[in-house]
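J.: Dropping a structure here in structure tokens format, bear with me for questions.
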Amino acid sequence: MEIRPIEFRPILASLRKHRIPAMLIVLEIALACAVLCNAVFMISQRVNDIHLPSAIDEQGLVSATLRGTDDKLVGSDIPRNLAALRGIVGVQQAAITSSLPLSHNNWGWSFGTSPDSALANRKNINVSLYFIGEGGDKALGLHMLQGRFFNADELADSKFDTAPLPETHVVVMTRSAAENFWPGQAALGKTIYSKPYYYTVVGVVDDVLRPHVYTQNTRKSYDAVYFPMSAAGSKGALSYYILRGAPQDRDRIMREAEQKLADLNPGAVAKGQTYADIREKYFADMSSMAWMLVLVCVVMLAVTAFGIVGLTSFWVGQRRRQIGIRRAVGATRGHIMQYFQTENLMLTTAGVVVGMGLAFGINIYLMQHYEMSRMPWYYLPGGALALWLLGQASVFGPAQKAASVPPVVATRSV
Amino acid sequence: MFAYYLELALRSLKRNRVLTALMVMALALGIGATITTLTVLRLLSGDPLPQKSAQLFYPQIDPNAKEGYIEGQTKPDQLMAYPDAMNLLQAHRGTHQAAMALTQAKVMPKQVNARPFFSDAVMTTADFFAMFDAPFQYGGGWTAADDDGRAQLVVIAGFLNDKLFAGANSVGRVIRINDHDLRIVGVLKPWAPQPRFYAQDLGGRSYGDGDAVFLPLQTARAMEMGPQDTECYAAVPDIRHLETAPCEWLGVWVELDSVAAVADYKTFLDGYVKQQVALGRFQRTETSLLDLMGWLRQEQVVPDDVRLQAGLAFGFLLICVVNTVGLLLAKCLRRSAEIGVRRALGATRREIFTQFMVEAGIVGLAGGVLGLLFAELGLLGIRHQPAEYASLAHLDTWMFMFTFVVALVASLVAGILPAWRACVLAPAPQLKAA
């Protein structure tokens, strides 16, 4: 086959004659490119948020909350409830805590690193407090990175007096919290303060999410601190029973745990949930938004493709005579195909150039008015590539129709 | 003449069914997406109490320490500490005033073997119902004397009354809440302002079902019911006695009936804060007195995602309109010969223009009808989503009519360019070519 360089000049000349339809295609592709880049970026941000890692055994974890209990009796009720829960077939670990990552149930406090740090100090770091009972590390599946978990004495002695902070002097914190308090230094043995309370770090665990996460600032989402807590001194703060078993058992464990807690505590309200459900519920809005964005993108690309097919078909119909003449003077079917494909490539390229500028502008606007970060550069060429492919795919049908115009058309008058 | 254009348009649309279907479909998708998102946006940014919202105001003050304060820039806190809320209420400067916090009430049904359950509750003061126009099915609210006397009484919502008393008049009967017996004094008719403006920043959701239980603030506190959200601004020696702790946990609303009353109240609020500064309790003097809609705007109660969706839908509609322009143009240029003949036979440019605009309008109306269908589908999808406002997503009469306005405007805008191209076509070359 004879290879000829692609000729742009005749295409340009012909486009100049059809300025308005050509500009419409360029405009449509530009708009589609701008919306596509931003929508895909939003989708990717949400997907990242939905999958924020958290170093606990989410797959095997079941939570059963018990609310409305009598604070004066929890000292004996909690050990009794835990013993009953441990009796459920398939439960490997059981413990009690005050809240779980992504549970919305947040107990926040701010601490500083100098002995005179008071609550209102601006330099303090706000953290989420988790109070946890014996065996909590194993039930959650915490990954100890440095130091140790609380020993039996620390767990038994910690209690609430009248203040919102517990009467203990030890904490375990996440790696991110440690890094935020003491950047670049070892946290083990250091102390956090909120006058008159102070707590020494005895262990550092791998990052666990807070009850609320900050989707735009993932660093802050891991500022969590664990405190030891005894059942007797918890004054109603401990209401999340956590059970760990095999992932395939978790639904049954959840139902049985809820039933058992309700039977043992007729005056209180028990509710079981698998941890997988807690995470899914937390991000439900986000995931439905992501799906909506996907839907809009797909429909938008389909509409754009229809537009290209419609206009190109019209052009082909209009130029049947010219195509016939070209075929008659020696152009192959391939040449005709190539003509329309090249024409589409030129229009799409123009659209994509305008569209990338537009996409960038929209991103800047969204950054100013919404919680949005800067779009990474590779979204722009990515969007361009997608529209090039879309353009070539939609022009293929009409171009083939054009190529099948027989040369004899040239000799007929319409 | 119009009937003739209509006939011509229909004939032309019928001639190329695929192209017509594509145009109508694209336009309908754009309209469907726009109407769906606009319906949700309108719903979420609506006025929860249209008859009253202009008279309701939310006073804010700032008890925080001086550190980090920039005069005229630092916004006052959203919530109020108990002593300040009580001082403002007892000054009686508004027509009505109430303080409130959200809590959870454990309700124990009377039936044997029934399990207790938690319900959304509001602990508030006597004026709450009159100020917010909460309608009563049976009975009424309580008095300021009941507030002070920690009366063991409660107002419940109609849906809780249905659940516990099968909808009968339960005024005077007893309900067990958080292991205390309380006497029911009133049952509300269905009442769920959207957005749930009084719950902003109190730790509850912004949309959805109304609250089930309303208790006098002091009574609830005596029963050790705690607020859903507490913000402390200094070291807290005793969290049990929130009334004296340096913690904010109440929202205060005031009803002010005239512009003069609003100005007076602002002066009073500023004076109160200055007095607290003089007493050494406060260090910051900034105050705020936003009306209900202003407060909702400041709180940005409409989720970002909903506004983004509306913007996205508009972008999508724009693409659909551009698409329709292209396809209409293709259609009308293909009929150059026909236009030439009509012009030669005496049709004016205006007539050709009108003819093509009628054609565009028909595409628009068809797109509108189909778009309405897509919008209903979209809203059905939203109702099945987990969002707290999901159940509210319905098309109302206004949005129904607005759909056709959008459809007509979109299609006529799309039709202008093709119609103009058609009417400026010189007839002679077209006739020759034919």
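Going through the structure tokens in order, the chains are called A, B, and so on, while each chain numbers its residues from 1 and the ligands are numbered from 1 in the order shown.
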Pull out every residue of chain B that has at least one atom within 9 Å of chain A, counting only C-alpha atoms, and report them as a ChimeraX atom specification.
T.: /B:19,22-23,25-26,29-30,33,64-65,67-68,105-106,108,115-118,178-179,232-241,304-306,308-309,312-313,315-316,318-320,322-327,329-331,333-334,385-387,434
J.: Please give the complete set of residues from region 160-389 of chain B that DSSP, run on the backbone, assigns to alpha helix (DSSP H), formatted as a PyMOL selection string.
T.: chain B and resi 160-165+217-222+259-279+292-299+304-334+336-344+349-383
J.: So which residues touch Gly272 (chain A) within 6 Å, counting only C-alpha atoms, skipping near sequence neighbours fewer than 4 positions away, as a PyMOL selection string?
T.: chain A and resi 63-64+254+258
J.: Mind giving me the straight-line distance from CA of Tyr198 (chain B) to CA of Asp77 (chain B) in Å, one decimal?
T.: 15.4 Å
J.: I want to know what sits within 8 Å of region 90-95 of chain B, based on only C-alpha atoms, with residues of the same chain fewer than 5 positions away left out; could you give that as a ChimeraX atom specification?
T.: /B:254-257,261,265
J.: Only C-alpha atoms, please: the residues just picked out, written as a PDB file, in the first residue's frame.
T.:
ATOM      1  CA  VAL B 254     -35.011  34.851  70.190  1.00  0.00           C
ATOM      2  CA  GLU B 255     -38.140  36.089  68.440  1.00  0.00           C
ATOM      3  CA  LEU B 256     -37.920  39.773  67.543  1.00  0.00           C
ATOM      4  CA  ASP B 257     -40.909  41.286  65.765  1.00  0.00           C
ATOM      5  CA  ALA B 261     -36.537  45.276  68.299  1.00  0.00           C
ATOM      6  CA  TYR B 265     -31.527  43.353  71.052  1.00  0.00           C
TER       7      TYR B 265
END
J.: Report as a list in words all protein, DNA and RNA residues lying within 9 Å of Ser234 (chain A), evaluated on only C-alpha atoms, omitting residues in the same chain fewer than 6 positions from it.
T.: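 That gives Asp71, Val74, Gly75, Phe131, Ser158, Lys159, Phe160 and Pro166 of chain A.
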J.: Write out as a PyMOL selection string which residues come within 6 Å of region 122-135 of chain B when counting only C-alpha atoms, dropping same-chain ones fewer than 3 positions away.
T.: chain B and resi 96-103+142-144+188-189+214-217
J.: Would you mind exporting the chosen residues as a PDB file, in the first residue's frame, restricted to C-alpha atoms?
T.:
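Resulting contents of result.pdb:
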ATOM      1  CA  HIS B  96     -40.186  34.777  72.898  1.00  0.00           C
ATOM      2  CA  GLN B  97     -36.844  33.188  73.752  1.00  0.00           C
ATOM      3  CA  ALA B  98     -35.706  29.647  74.385  1.00  0.00           C
ATOM      4  CA  ALA B  99     -32.520  27.696  75.000  1.00  0.00           C
ATOM      5  CA  MET B 100     -32.144  24.156  73.724  1.00  0.00           C
ATOM      6  CA  ALA B 101     -29.864  21.141  73.432  1.00  0.00           C
ATOM      7  CA  LEU B 102     -30.321  17.774  71.781  1.00  0.00           C
ATOM      8  CA  THR B 103     -30.188  14.548  73.722  1.00  0.00           C
ATOM      9  CA  TRP B 142     -45.369  23.888  79.491  1.00  0.00           C
ATOM     10  CA  THR B 143     -44.870  27.176  81.366  1.00  0.00           C
ATOM     11  CA  ALA B 144     -41.838  29.033  82.639  1.00  0.00           C
ATOM     12  CA  LEU B 188     -47.447  17.518  68.510  1.00  0.00           C
ATOM     13  CA  LYS B 189     -48.904  17.212  65.028  1.00  0.00           C
ATOM     14  CA  PHE B 214     -39.386  17.449  74.210  1.00  0.00           C
ATOM     15  CA  LEU B 215     -38.493  17.903  77.882  1.00  0.00           C
ATOM     16  CA  PRO B 216     -38.015  20.940  80.125  1.00  0.00           C
ATOM     17  CA  LEU B 217     -34.274  21.633  80.227  1.00  0.00           C
TER      18      LEU B 217
END
J.: Find the residues near Gly368 (chain B): any atom within 8 Å, counting only C-alpha atoms, skip ones fewer than 3 places away on the same chain, and give them as a list of chain:residue names.
T.: B:Leu27, B:Ala28, B:Ile31, B:Gly364, B:Leu365, B:Gly371, B:Leu372, B:Thr403, B:Phe404, B:Val406, B:Ala407, B:Leu408
